[in-house]
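**Student:** Structure file run_29.cif, mmCIF, C-alpha atoms and all ligand atoms, is pasted below:
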data_input
#
loop_
_atom_site.label_atom_id
_atom_site.label_comp_id
_atom_site.auth_asym_id
_atom_site.auth_seq_id
_atom_site.Cartn_x
_atom_site.Cartn_y
_atom_site.Cartn_z
CA MET A 1 0.50 13.38 25.40
CA ILE A 2 -0.21 16.29 23.08
CA ASN A 3 2.24 19.04 22.22
CA ARG A 4 1.57 22.02 24.47
CA THR A 5 2.04 24.50 21.61
CA LEU A 6 -0.77 22.93 19.64
CA ALA A 7 -2.98 22.55 22.68
CA GLN A 8 -2.59 26.25 23.47
CA ALA A 9 -2.97 27.48 19.89
CA ASP A 10 -5.89 25.27 18.91
CA PRO A 11 -7.44 23.29 21.75
CA GLN A 12 -10.25 22.02 19.52
CA MET A 13 -7.81 20.44 17.07
CA ALA A 14 -5.58 19.17 19.88
CA GLU A 15 -8.56 17.39 21.36
CA ILE A 16 -9.39 15.64 18.09
CA LEU A 17 -5.72 14.75 17.59
CA GLY A 18 -5.50 13.34 21.10
CA ALA A 19 -8.59 11.24 20.48
CA GLU A 20 -7.06 9.88 17.27
CA LEU A 21 -3.79 9.05 19.02
CA ASN A 22 -5.79 7.18 21.63
CA ARG A 23 -7.76 5.36 18.91
CA GLN A 24 -4.52 4.24 17.26
CA GLN A 25 -3.10 3.09 20.57
CA GLU A 26 -6.18 1.11 21.54
CA THR A 27 -7.06 -0.40 18.16
CA LEU A 28 -5.62 -3.35 16.28
CA MET A 29 -4.93 -1.86 12.86
CA LEU A 30 -5.29 -4.69 10.35
CA ILE A 31 -5.54 -2.69 7.13
CA PRO A 32 -2.71 -3.94 4.88
CA SER A 33 -2.16 -0.56 3.21
CA GLU A 34 -1.60 1.29 6.49
CA ASN A 35 1.20 1.34 9.03
CA TYR A 36 2.66 3.42 11.88
CA ALA A 37 5.35 5.86 10.76
CA SER A 38 8.26 6.29 13.16
CA ARG A 39 8.64 9.39 15.30
CA ALA A 40 11.64 10.39 13.17
CA VAL A 41 9.52 10.18 10.01
CA MET A 42 6.81 12.26 11.68
CA ALA A 43 9.38 14.76 12.95
CA ALA A 44 10.58 15.36 9.38
CA ALA A 45 7.00 15.57 8.09
CA GLY A 46 6.16 18.15 10.75
CA SER A 47 9.28 20.26 10.19
CA VAL A 48 10.14 23.65 8.66
CA PHE A 49 10.58 21.88 5.32
CA THR A 50 6.83 22.52 5.02
CA ASN A 51 7.50 26.22 4.47
CA LYS A 52 8.99 26.42 1.00
CA TYR A 53 8.13 26.09 -2.66
CA ALA A 54 10.74 24.15 -4.59
CA GLU A 55 9.26 23.58 -8.06
CA GLY A 56 11.84 21.92 -10.24
CA TYR A 57 14.54 19.48 -9.24
CA PRO A 58 17.78 19.69 -7.19
CA GLY A 59 20.06 22.29 -8.77
CA ASN A 60 17.34 23.45 -11.14
CA ARG A 61 14.54 25.17 -9.24
CA TYR A 62 12.01 27.80 -10.14
CA TYR A 63 12.32 29.35 -6.66
CA ASN A 64 15.29 30.86 -4.85
CA GLY A 65 16.40 29.80 -1.40
CA CYS A 66 16.42 26.07 -2.13
CA LYS A 67 20.01 25.20 -1.14
CA PHE A 68 19.02 22.86 1.69
CA TYR A 69 15.98 21.57 -0.18
CA ASP A 70 18.36 20.50 -2.94
CA GLN A 71 20.55 18.65 -0.45
CA MET A 72 17.57 17.03 1.20
CA GLU A 73 15.81 15.94 -2.01
CA GLN A 74 19.08 14.62 -3.49
CA LEU A 75 19.62 12.58 -0.32
CA CYS A 76 16.14 11.13 -0.69
CA ILE A 77 16.72 10.33 -4.39
CA ASP A 78 20.07 8.66 -3.65
CA ARG A 79 18.57 6.59 -0.85
CA ALA A 80 15.65 5.44 -3.01
CA LYS A 81 18.00 4.43 -5.83
CA LYS A 82 20.29 2.55 -3.44
CA LEU A 83 17.54 0.77 -1.49
CA PHE A 84 15.79 -0.53 -4.61
CA GLY A 85 18.82 -0.78 -6.90
CA ALA A 86 17.22 1.53 -9.44
CA ASP A 87 18.91 3.74 -12.06
CA HIS A 88 16.70 6.73 -11.33
CA ALA A 89 14.21 7.87 -8.70
CA ASN A 90 11.66 10.66 -8.60
CA VAL A 91 10.54 11.26 -5.02
CA GLN A 92 8.11 14.15 -5.55
CA LEU A 93 4.90 12.18 -6.02
CA HIS A 94 2.16 13.18 -3.61
CA THR A 95 0.25 9.90 -3.97
CA GLY A 96 0.32 6.51 -5.63
CA SER A 97 -2.41 7.64 -8.03
CA GLN A 98 -0.24 10.53 -9.20
CA ALA A 99 2.71 8.17 -9.52
CA ASN A 100 0.71 5.96 -11.85
CA MET A 101 -0.63 8.98 -13.71
CA ALA A 102 2.91 10.27 -14.25
CA ALA A 103 4.18 6.84 -15.32
CA TYR A 104 1.48 6.50 -18.00
CA HIS A 105 1.94 10.13 -19.04
CA ALA A 106 5.67 9.53 -19.53
CA LEU A 107 5.34 6.37 -21.58
CA ILE A 108 2.13 6.42 -23.63
CA LYS A 109 -0.40 8.73 -25.30
CA PRO A 110 -4.06 9.32 -24.45
CA GLY A 111 -6.15 6.72 -26.24
CA ASP A 112 -3.46 4.02 -26.07
CA ARG A 113 -4.41 0.59 -24.82
CA ILE A 114 -3.38 -0.49 -21.33
CA LEU A 115 -3.72 -3.95 -19.80
CA ALA A 116 -4.09 -4.28 -16.04
CA MET A 117 -5.97 -6.00 -13.25
CA SER A 118 -9.38 -4.46 -12.59
CA VAL A 119 -10.34 -3.18 -9.14
CA ALA A 120 -12.97 -5.91 -8.96
CA GLN A 121 -10.24 -8.54 -9.27
CA GLY A 122 -7.76 -6.96 -6.86
CA GLY A 123 -6.24 -4.18 -8.93
CA HIS A 124 -6.34 -0.44 -8.22
CA LEU A 125 -8.56 2.40 -9.45
CA THR A 126 -5.63 3.75 -11.44
CA HIS A 127 -5.32 0.45 -13.27
CA GLY A 128 -7.98 1.46 -15.80
CA ALA A 129 -11.18 1.80 -13.74
CA PRO A 130 -13.90 3.52 -15.81
CA VAL A 131 -14.45 6.10 -13.05
CA ASN A 132 -10.74 7.01 -12.95
CA PHE A 133 -8.53 9.05 -15.30
CA SER A 134 -6.79 5.80 -16.27
CA GLY A 135 -10.01 4.34 -17.67
CA GLN A 136 -11.01 7.60 -19.31
CA MET A 137 -7.75 8.79 -20.88
CA TYR A 138 -6.59 5.35 -22.02
CA GLN A 139 -8.32 2.31 -23.45
CA PRO A 140 -8.37 -0.13 -20.54
CA HIS A 141 -8.32 -3.90 -20.95
CA PHE A 142 -8.17 -6.27 -18.03
CA TYR A 143 -6.71 -9.55 -16.93
CA SER A 144 -8.28 -11.55 -14.12
CA VAL A 145 -7.43 -14.13 -11.53
CA SER A 146 -8.64 -17.68 -12.04
CA ARG A 147 -12.31 -18.18 -11.10
CA GLU A 148 -11.39 -21.62 -9.75
CA ASN A 149 -8.46 -20.81 -7.45
CA GLY A 150 -7.94 -17.02 -7.31
CA TRP A 151 -4.37 -17.15 -8.66
CA LEU A 152 -3.07 -15.11 -11.57
CA ASP A 153 -2.96 -17.28 -14.67
CA TYR A 154 0.04 -16.01 -16.65
CA ASP A 155 -0.78 -18.10 -19.74
CA GLU A 156 -4.17 -16.42 -19.87
CA ILE A 157 -2.61 -12.97 -19.36
CA ALA A 158 -0.25 -13.71 -22.27
CA GLN A 159 -3.21 -14.74 -24.43
CA ILE A 160 -5.12 -11.54 -23.60
CA ALA A 161 -2.00 -9.47 -24.31
CA ARG A 162 -1.65 -11.09 -27.75
CA GLU A 163 -5.28 -10.24 -28.55
CA VAL A 164 -5.31 -6.71 -27.07
CA LYS A 165 -1.77 -5.65 -28.04
CA PRO A 166 -1.50 -3.07 -25.23
CA ARG A 167 1.09 -0.30 -25.24
CA LEU A 168 1.53 -0.73 -21.52
CA ILE A 169 0.94 -3.54 -19.02
CA VAL A 170 0.48 -2.84 -15.33
CA ALA A 171 1.86 -5.53 -13.03
CA GLY A 172 0.73 -5.16 -9.46
CA ALA A 173 -2.29 -5.25 -7.21
CA SER A 174 -3.99 -3.92 -4.10
CA ALA A 175 -5.59 -7.16 -2.98
CA TYR A 176 -3.59 -10.12 -4.25
CA PRO A 177 -2.12 -12.41 -1.56
CA ARG A 178 0.47 -14.17 -3.70
CA ILE A 179 3.90 -13.50 -5.21
CA ILE A 180 3.71 -11.49 -8.43
CA ASP A 181 5.88 -12.91 -11.21
CA PHE A 182 7.37 -9.70 -12.65
CA GLU A 183 9.74 -11.66 -14.86
CA ARG A 184 6.79 -13.34 -16.52
CA PHE A 185 5.07 -9.97 -17.01
CA ARG A 186 8.25 -8.75 -18.75
CA ALA A 187 8.22 -11.73 -21.09
CA ILE A 188 4.53 -11.18 -21.91
CA ALA A 189 5.13 -7.48 -22.55
CA ASP A 190 8.17 -8.13 -24.72
CA GLU A 191 6.19 -10.51 -26.90
CA VAL A 192 3.65 -7.78 -27.72
CA GLY A 193 5.93 -4.72 -27.54
CA ALA A 194 4.43 -3.21 -24.39
CA TYR A 195 5.97 -1.26 -21.52
CA VAL A 196 5.83 -2.76 -18.03
CA VAL A 197 4.80 -0.49 -15.18
CA SER A 198 5.01 -2.38 -11.89
CA ASP A 199 2.87 -0.91 -9.14
CA ILE A 200 4.45 -2.22 -5.94
CA ALA A 201 2.62 0.12 -3.55
CA HIS A 202 1.55 -2.71 -1.28
CA ILE A 203 4.73 -4.77 -1.32
CA ALA A 204 7.43 -2.09 -1.50
CA GLY A 205 8.79 -2.92 1.95
CA LEU A 206 8.85 -6.63 1.13
CA VAL A 207 10.67 -5.86 -2.13
CA ALA A 208 13.18 -3.53 -0.44
CA ALA A 209 13.97 -6.25 2.12
CA LYS A 210 14.19 -8.91 -0.62
CA CYS A 211 11.22 -10.80 0.84
CA HIS A 212 9.48 -10.61 -2.55
CA PRO A 213 11.04 -11.14 -6.01
CA ASP A 214 12.47 -7.94 -7.40
CA PRO A 215 10.45 -6.05 -10.05
CA ILE A 216 13.23 -3.56 -10.90
CA PRO A 217 15.11 -5.64 -13.52
CA PHE A 218 11.88 -6.50 -15.31
CA SER A 219 10.05 -3.17 -15.30
CA ASP A 220 10.44 -0.02 -17.35
CA VAL A 221 8.95 1.97 -14.52
CA VAL A 222 8.09 1.03 -10.92
CA THR A 223 5.63 3.07 -8.88
CA THR A 224 5.01 2.83 -5.17
CA THR A 225 3.49 4.59 -2.24
CA THR A 226 5.73 5.12 0.77
CA HIS A 227 3.37 4.54 3.67
CA LYS A 228 2.34 0.89 3.44
CA THR A 229 4.85 -1.91 4.10
CA LEU A 230 7.61 0.67 3.48
CA ARG A 231 6.42 2.46 6.67
CA GLY A 232 7.15 6.02 5.63
CA PRO A 233 4.96 9.11 5.36
CA ARG A 234 1.89 9.18 3.12
CA GLY A 235 3.31 9.77 -0.34
CA ALA A 236 4.81 8.01 -3.33
CA LEU A 237 7.85 7.69 -5.57
CA ILE A 238 8.81 6.39 -8.97
CA LEU A 239 11.82 4.29 -9.91
CA CYS A 240 12.88 3.75 -13.49
CA LYS A 241 15.57 2.80 -15.92
CA SER A 242 17.87 5.67 -16.90
CA GLU A 243 16.46 5.84 -20.42
CA TYR A 244 13.10 6.99 -18.96
CA ALA A 245 14.56 9.33 -16.33
CA SER A 246 13.92 12.62 -18.08
CA ALA A 247 10.51 11.55 -19.40
CA ILE A 248 9.47 10.56 -15.88
CA ASP A 249 10.80 13.77 -14.34
CA ARG A 250 8.99 15.88 -16.95
CA ALA A 251 5.81 13.86 -16.48
CA VAL A 252 5.88 14.49 -12.72
CA PHE A 253 6.81 18.19 -12.93
CA PRO A 254 5.40 20.04 -14.78
CA GLY A 255 3.30 17.17 -16.16
CA VAL A 256 1.00 16.25 -13.30
CA GLN A 257 2.29 18.18 -10.28
CA ALA A 258 3.65 21.62 -9.48
CA GLY A 259 4.98 22.38 -5.99
CA PRO A 260 6.38 19.27 -4.30
CA LEU A 261 5.61 18.60 -0.62
CA MET A 262 9.18 19.07 0.59
CA HIS A 263 8.46 18.15 4.22
CA ILE A 264 7.07 14.83 3.00
CA ILE A 265 10.12 14.27 0.79
CA ALA A 266 12.24 14.77 3.92
CA ALA A 267 10.11 12.21 5.73
CA LYS A 268 10.46 9.79 2.80
CA ALA A 269 14.24 10.17 3.05
CA VAL A 270 14.10 9.27 6.74
CA ALA A 271 11.95 6.21 6.02
CA LEU A 272 14.35 5.08 3.28
CA HIS A 273 17.22 5.44 5.75
CA GLU A 274 15.29 3.34 8.26
CA ALA A 275 14.79 0.70 5.58
CA GLU A 276 18.58 0.38 5.31
CA GLN A 277 18.99 -0.39 9.00
CA VAL A 278 19.49 -3.73 10.68
CA GLY A 279 16.07 -5.00 11.65
CA PHE A 280 14.18 -3.89 8.55
CA HIS A 281 14.61 -7.23 6.82
CA GLU A 282 13.53 -9.00 9.98
CA TYR A 283 10.48 -6.72 10.21
CA GLN A 284 9.40 -7.50 6.64
CA HIS A 285 10.01 -11.19 7.14
CA GLN A 286 7.92 -11.09 10.31
CA ILE A 287 5.08 -9.34 8.45
CA ILE A 288 4.85 -12.38 6.17
CA SER A 289 5.17 -14.93 9.01
CA ASN A 290 2.45 -13.07 10.91
CA ALA A 291 0.19 -12.99 7.85
CA GLN A 292 0.64 -16.72 7.41
CA ALA A 293 -0.13 -17.35 11.09
CA LEU A 294 -3.24 -15.16 10.87
CA ALA A 295 -4.32 -16.91 7.67
CA GLN A 296 -3.85 -20.35 9.23
CA SER A 297 -5.85 -19.30 12.28
CA LEU A 298 -8.71 -18.07 10.10
CA LEU A 299 -8.68 -21.30 8.08
CA GLU A 300 -8.87 -23.29 11.33
CA GLU A 301 -11.93 -21.21 12.28
CA GLY A 302 -13.70 -22.23 9.08
CA PHE A 303 -13.02 -19.17 6.94
CA ASP A 304 -12.30 -19.46 3.23
CA LEU A 305 -9.32 -17.51 1.91
CA ILE A 306 -8.90 -16.57 -1.73
CA THR A 307 -6.02 -18.75 -3.02
CA GLY A 308 -6.14 -20.64 0.31
CA GLY A 309 -3.48 -18.54 2.04
CA THR A 310 -0.87 -15.84 1.57
CA ASP A 311 2.73 -15.24 0.48
CA ASN A 312 2.76 -11.59 1.51
CA HIS A 313 1.35 -9.12 4.03
CA LEU A 314 -2.37 -9.59 3.38
CA MET A 315 -5.11 -12.12 2.87
CA LEU A 316 -8.48 -11.92 1.24
CA VAL A 317 -11.18 -13.57 3.33
CA ASP A 318 -14.16 -14.90 1.36
CA LEU A 319 -17.21 -14.49 3.59
CA ARG A 320 -19.72 -16.09 1.25
CA ASN A 321 -20.06 -19.10 3.58
CA LYS A 322 -20.73 -16.80 6.56
CA ASN A 323 -23.98 -15.09 5.63
CA ILE A 324 -22.52 -11.64 6.30
CA SER A 325 -21.21 -8.94 3.97
CA GLY A 326 -17.66 -7.63 4.19
CA HIS A 327 -18.99 -4.22 5.20
CA GLU A 328 -21.10 -5.67 8.04
CA ALA A 329 -18.16 -7.78 9.22
CA ALA A 330 -15.77 -4.80 9.18
CA ASP A 331 -18.26 -2.65 11.12
CA LEU A 332 -18.64 -5.34 13.78
CA CYS A 333 -14.86 -5.75 14.05
CA GLU A 334 -14.49 -1.99 14.51
CA GLN A 335 -16.90 -2.16 17.45
CA ALA A 336 -14.42 -4.61 19.00
CA ASN A 337 -11.47 -2.24 18.27
CA MET A 338 -10.17 -4.20 15.30
CA VAL A 339 -10.01 -2.20 12.07
CA VAL A 340 -10.12 -4.25 8.89
CA ASN A 341 -11.33 -3.10 5.52
CA PHE A 342 -14.13 -4.61 3.52
CA ASN A 343 -12.99 -5.61 0.07
CA LEU A 344 -14.37 -7.13 -3.10
CA ILE A 345 -13.36 -10.71 -3.70
CA PRO A 346 -12.76 -11.79 -7.31
CA TYR A 347 -16.09 -12.33 -9.13
CA ASP A 348 -17.89 -10.86 -6.12
CA PRO A 349 -21.68 -11.19 -6.29
CA ARG A 350 -22.07 -8.18 -3.98
CA PRO A 351 -21.51 -4.52 -4.94
CA PRO A 352 -18.37 -2.58 -3.85
CA ARG A 353 -20.09 -0.84 -0.90
CA GLU A 354 -21.09 -4.25 0.53
CA THR A 355 -18.55 -6.81 -0.71
CA SER A 356 -18.20 -10.47 0.19
CA GLY A 357 -14.73 -10.07 1.62
CA ILE A 358 -12.42 -8.47 4.13
CA ARG A 359 -8.70 -7.89 3.55
CA PRO A 360 -6.73 -8.23 6.80
CA GLY A 361 -3.02 -7.44 6.78
CA THR A 362 -0.16 -7.53 9.27
CA PRO A 363 2.21 -4.54 8.71
CA GLY A 364 0.66 -2.63 11.64
CA ILE A 365 0.58 -5.39 14.24
CA THR A 366 4.14 -6.34 13.25
CA THR A 367 5.31 -2.76 13.82
CA ARG A 368 3.81 -3.08 17.31
CA GLY A 369 6.11 -6.06 17.86
CA MET A 370 3.54 -8.81 17.64
CA LYS A 371 4.60 -12.25 16.45
CA GLU A 372 2.92 -15.43 15.20
CA ALA A 373 1.20 -16.22 18.53
CA GLU A 374 -0.52 -12.82 18.63
CA ALA A 375 -1.41 -13.05 14.93
CA ALA A 376 -3.03 -16.43 15.53
CA LEU A 377 -4.94 -15.03 18.50
CA ILE A 378 -6.18 -12.13 16.36
CA GLY A 379 -7.52 -14.71 13.88
CA LYS A 380 -9.56 -16.25 16.72
CA LEU A 381 -10.81 -12.81 17.81
CA LEU A 382 -11.88 -11.90 14.27
CA ALA A 383 -13.64 -15.26 13.99
CA ARG A 384 -15.42 -14.79 17.31
CA VAL A 385 -16.77 -11.41 16.20
CA ILE A 386 -17.79 -12.41 12.69
CA ASN A 387 -19.25 -15.78 13.67
CA ASP A 388 -20.97 -14.86 16.92
CA ALA A 389 -21.54 -11.12 17.27
CA PRO A 390 -24.43 -10.93 14.75
CA THR A 391 -26.57 -13.08 17.07
CA ASN A 392 -24.83 -12.32 20.38
CA PRO A 393 -23.63 -8.69 20.58
CA ALA A 394 -22.21 -9.27 24.09
CA VAL A 395 -19.30 -10.96 22.32
CA LEU A 396 -18.13 -7.51 21.25
CA ASP A 397 -17.41 -6.43 24.83
CA GLU A 398 -15.56 -9.64 25.56
CA VAL A 399 -13.39 -9.38 22.43
CA ARG A 400 -12.79 -5.66 22.91
CA ALA A 401 -11.37 -6.39 26.36
CA GLN A 402 -8.95 -8.93 24.85
CA VAL A 403 -7.97 -6.51 22.09
CA LEU A 404 -7.23 -3.78 24.64
CA GLU A 405 -5.06 -6.18 26.58
CA LEU A 406 -3.10 -6.95 23.41
CA CYS A 407 -2.79 -3.25 22.56
CA HIS A 408 -1.49 -2.45 26.03
CA SER A 409 1.01 -5.32 25.89
CA PHE A 410 2.29 -4.09 22.49
CA PRO A 411 2.05 -0.29 22.80
CA ILE A 412 2.47 2.14 19.96
CA TYR A 413 3.54 5.79 20.33
CA ALA A 414 3.83 5.48 24.10
CA ASP A 415 4.48 8.99 25.57
CA LEU A 416 4.33 10.52 22.10
CA GLU A 417 4.40 14.31 21.88
CA ILE A 418 2.75 15.09 18.59
N1 LIG B 501 -6.21 2.48 -1.19
C1 LIG B 501 -5.05 1.63 -1.21
C2 LIG B 501 -5.33 0.31 -0.59
O1 LIG B 501 -5.91 0.30 0.47
O2 LIG B 501 -4.98 -0.73 -1.13
C3 LIG B 501 -4.51 1.53 -2.53
O3 LIG B 501 -4.30 2.81 -3.00
#
Translate the structure of the given file into structure tokens.
Ligand code: DSN

**Tutor:**
Amino acid sequence: MINRTLAQADPQMAEILGAELNRQQETLMLIPSENYASRAVMAAAGSVFTNKYAEGYPGNRYYNGCKFYDQMEQLCIDRAKKLFGADHANVQLHTGSQANMAAYHALIKPGDRILAMSVAQGGHLTHGAPVNFSGQMYQPHFYSVSRENGWLDYDEIAQIAREVKPRLIVAGASAYPRIIDFERFRAIADEVGAYVVSDIAHIAGLVAAKCHPDPIPFSDVVTTTTHKTLRGPRGALILCKSEYASAIDRAVFPGVQAGPLMHIIAAKAVALHEAEQVGFHEYQHQIISNAQALAQSLLEEGFDLITGGTDNHLMLVDLRNKNISGHEAADLCEQANMVVNFNLIPYDPRPPRETSGIRPGTPGITTRGMKEAEAALIGKLLARVINDAPTNPAVLDEVRAQVLELCHSFPIYADLEI
């Protein structure tokens, strides 16, 4: 159901919005970096907090009229600090990329060496990719996962750190299915005198619910988006030790951003409140159980998984034994109403627009209330499409019907007024 005000003011947009709502309702969203924000989060994001400039920080703004913006942003800051047990939080970041940009800007100088995981191995563009500011403003060096088993090899990372002597080490990934040992990263960084920036964008919800070891004690700065496992609005925040608080705040504003998106900060505050409620831990725990059930189902169907399984919310499926690229597989799955994203696997022989992998994840299906049985069934449906649809396209209709049945049994945004 679409809000009548929008439908009357802009029928063309209302029609597109209605189609997107329907797509979300009738699709299994298996992208590990996406989720469904609650109606309360969306209510805050679509509120009158969108109407005001509030450059600066609570109590110290460059615009008048910010009394309630101060209260709201301070509430968000306090909730972020409490949820993650951090000394300081900056909640103004528009995106994870800007969070990483601000973290580097606060700690190191252009030209300094950074050590991170490359995109090709499971890292992020902002972890030193040559096409990104991080690879252009800083001297990037990279650690890898093991060619043999896909796991991070911390002895090797330590060896690279001794050789490279980076000023800053990034711990964190966008496509790594195992626990990240932040304590070990701290030890490696201490040995060479480097800062640790932990990018927990993917696992923030797991960390908040204590379903993943805590990076906070071992990191100088922690960056995260707010819309993945954390299930808030699209946006980001930074957590840090008190000694870096003013450097981080200056790096965010006026360093890399000007006017903060105050409506999104309000929505972040709501999501952080939701993360404090009974049920959030259970949700995060279920995300992992569902991922493990999905992984097991895919293994039973003859798929190879990088590292052989998962400890978190995602898995990396190696399609090299399937004679299909990740992109082709993802396109076929989409035709059966299952959205996965194609993804490079470590040491991928195919280019990034093709890839040899897909990266399914379970935050979305878990928000819909699905459990292990449904996750296992989804593994069978993915397998049916990827194994059979290339030679027998009729499979797509059959699987789509099963997907729709699942979507209707586990509805999302039923009766939503956008
Ligand atoms: N693009 C995000 C992801 O999908 O992992 C990371 O920023």

**Student:** Calculated over only C-alpha atoms, which of the candidates A:Ala383, A:Ile412, A:Ala99, A:Leu261 has the smallest distance to Ala54 in chain A?

**Tutor:** A:Leu261

**Student:** Select the residues contacting ligand LIG 501 (chain B) at a distance of at most 9 Å, based on all atoms listed in the file, then format the selection as a count of residues only.

**Tutor:** 20

**Student:** What is the CA of Asp318 in chain A-CA of Phe303 in chain A distance in Å, reported with one decimal?

**Tutor:** 7.1 Å

**Student:** What separation in Å, quoted to one decimal, exists between CA of His105 in chain A and CA of Lys268 in chain A?

**Tutor:**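 Separation of CA of His105 in chain A and CA of Lys268 in chain A: 23.4 Å.
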
**Student:** Anything within 9 Å of (13.8, -4.9, -11.5): list those residues as a ChimeraX atom specification, counting only C-alpha atoms and sticking to the file's coordinates.

**Tutor:** /A:84-86,182-183,213-222,240

**Student:** Work out where the centre of an axis-aligned box around every listed atom of range 206-219 of chain A lies and how long its edges are once 8 Å is added on each side; give both in Å to one decimal as lines of an AutoDock Vina configuration file.

**Tutor:**
center_x = 12.0
center_y = -7.2
center_z = -6.6
size_x = 22.3
size_y = 24.0
size_z = 33.4

**Student:** Quick one: of A:Gly56, A:Gly326, A:Pro363, A:Gly18, who's nearest to Asp348 in chain A, counting all atoms listed in the file?

**Tutor:**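 That would be A:Gly326, the residue with the smallest distance to Asp348 in chain A.
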
**Student:** A:Leu406, A:Leu377, A:Ala106, A:Leu28: which is nearest Ala336 in chain A, counting only C-alpha atoms?

**Tutor:** A:Leu28

**Student:** What is the distance, in Å and to one decimal place, between CA of Phe133 in chain A and CA of Val170 in chain A?

**Tutor:**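 Pair CA of Phe133 in chain A / CA of Val170 in chain A returns 14.9 Å.
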